[in-house]
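Enquirer: One structure follows; several queries about it will come next.
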Amino acid sequence: MRKLLISGLGGSLFPYLHDRLSSDYEIHYVDADPQLKFLYPDLNFHVSPLISDESYWILIKELIENLKIDFYIPLIDEEIVEAKRNIEDFGDVKVISPAADFSELCLNKFVLMQRLKEANISDVISYTGDFYNSELGFPIFIKPISGRGSRGIMKIKDADQLDAYYKLEGYTPEEILIQPMLTGVEYTVGALTNNRNDLLSISSKRIIKKKGITQIAITENNQAIDQIVKKIVEEFKPCGPFNVQLILTPSGDIKVFEINPRFSTTTIMEIEGGADPIRAYLEYFDKDYKGPFKSPVENMYLHRRWENIFYNA
């Protein structure tokens, strides 16, 4: 039985992901939240330092070596590049994430927008805050150039609110990406290539409700979106899992506004819908895949809900 090490146990992929994989793999988890041992008392859980602490990587290497981990799946943006550059091939372990260069590109949202435009894949008008002089008018959409999740993301209604944002959120203008408010239908699209950059799957999900993470979504097949994903794969050679955030405008244009170089919170829809990207990556690691890419079944809904769990710490 192959052994997996997965970070970010506190995320919304769990416990579903564990339930679907644990019959075939021995899985170990790391997270900086020690309370998770009460939430998941039966899992192989290892409390870690924060990723910003150098001792985090000491722990990761110790776990890989002592547990003889075969594959390490980093699910936290801040660890992905470091994991790929410095953990890949530590012992016999392989890291299930995109190439380091692709991940670095995705994690700089302003440079990513420029590269997508240059490659004729997507064109979203983008400014850094220090070069913005109300060219787009208001409202505008702003977010940190380097950041994850919904942190620092806001709709800005006027110049006074923009000034207040910098003061209250603590970002400097050069750290902020400013874009127009895009209108249309939002999609989150999981894509998977193996380490040889063969395209294994494309999984489009139309977002119905979102608050930080996707709460309600439905699987769809969309050939125009498939073509955009294929262009990203051909142009940037990700060689791993990634997730595309985009808007389909009323006129039919596709506007890519973010790419996350990892499995997303909606990966569970792909697994449930018959296009399991983790098993596919493991099956075709270091193997050629020339068949058609897979997609999950259409019209399958995800509806996340709250769960109340009580424990004595």
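By order of appearance in the structure tokens: chains A, B, ..., then residues from 1 within every chain, and ligands from 1 in the order shown.
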Mind checking which residues fall within 12 Å of range 162-178 of chain A, counting only C-alpha atoms, ignoring those fewer than 2 positions away in the same chain, and posting them as an MDAnalysis selection string?
Expert: chainID A and resid 108:114 124:147 151:160 180:182 257:258
Enquirer: For Ile207 in chain A, work out the shell of residues within 8 Å, counting only C-alpha atoms and skipping chain neighbours fewer than 6 positions away, then give it as a CSV table (one decimal) with N, CA and C atoms, in the first residue's frame.
Expert:
```csv
chain,number,residue,atom,x,y,z
A,185,VAL,N,-21.0,34.5,-15.6
A,185,VAL,CA,-21.2,33.3,-14.8
A,185,VAL,C,-19.8,32.8,-14.4
A,186,GLU,N,-19.6,32.6,-13.1
A,186,GLU,CA,-18.3,32.1,-12.6
A,186,GLU,C,-18.2,30.6,-12.6
A,187,TYR,N,-17.0,30.1,-13.0
A,187,TYR,CA,-16.7,28.7,-13.0
A,187,TYR,C,-15.4,28.5,-12.3
A,188,THR,N,-15.3,27.3,-11.6
A,188,THR,CA,-14.1,26.8,-11.1
A,188,THR,C,-13.7,25.5,-11.8
A,214,THR,N,-16.2,27.7,-2.5
A,214,THR,CA,-17.5,27.3,-3.2
A,214,THR,C,-18.4,26.6,-2.3
A,216,ILE,N,-22.0,26.0,-3.2
A,216,ILE,CA,-22.9,25.3,-4.1
A,216,ILE,C,-22.4,25.4,-5.5
A,217,ALA,N,-22.3,24.3,-6.2
A,217,ALA,CA,-21.8,24.3,-7.6
A,217,ALA,C,-22.4,23.1,-8.3
A,218,ILE,N,-22.3,23.1,-9.6
A,218,ILE,CA,-22.8,22.0,-10.5
A,218,ILE,C,-21.8,21.7,-11.6
```
Enquirer: Work out how far CA of Lys230 in chain A is from CA of Asp288 in chain A, in Å to one decimal.
Expert: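 Computing it gives 17.0 Å between the two atoms.
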Enquirer: What lies within 12 Å of Phe263 in chain A using only C-alpha atoms, ignoring chain neighbours under 2 positions off, as number ranges by chain?
Expert: A: 6-8, 11-13, 17, 73-77, 80, 96-98, 188-193, 203, 240-244, 259-261, 265-271, 276-278, 281
Enquirer: List as a PyMOL selection string the protein and nucleic acid residues near Lys61 in chain A, meaning an atom at most 12 Å away when only C-alpha atoms are counted, but skip any in the same chain fewer than 2 places from it.
Expert: chain A and resi 5+48+54-59+63-69+72+83+86-93
Enquirer: Using only C-alpha atoms, find the one residue out of A:Ala32, A:Ile232, A:Val81, A:Leu4 that sits nearest to Ala100 in chain A.
Expert: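 Distance minimum relative to Ala100 in chain A lands on A:Val81.
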Enquirer: From range 11-225 of chain A, collect each residue whose DSSP state is helix (DSSP H, G or I) and return the set as number ranges by chain.
Expert: A: 16-21, 36-39, 55-67, 77-87, 100-107, 109-118, 129-131, 159-169, 173-175, 223-225
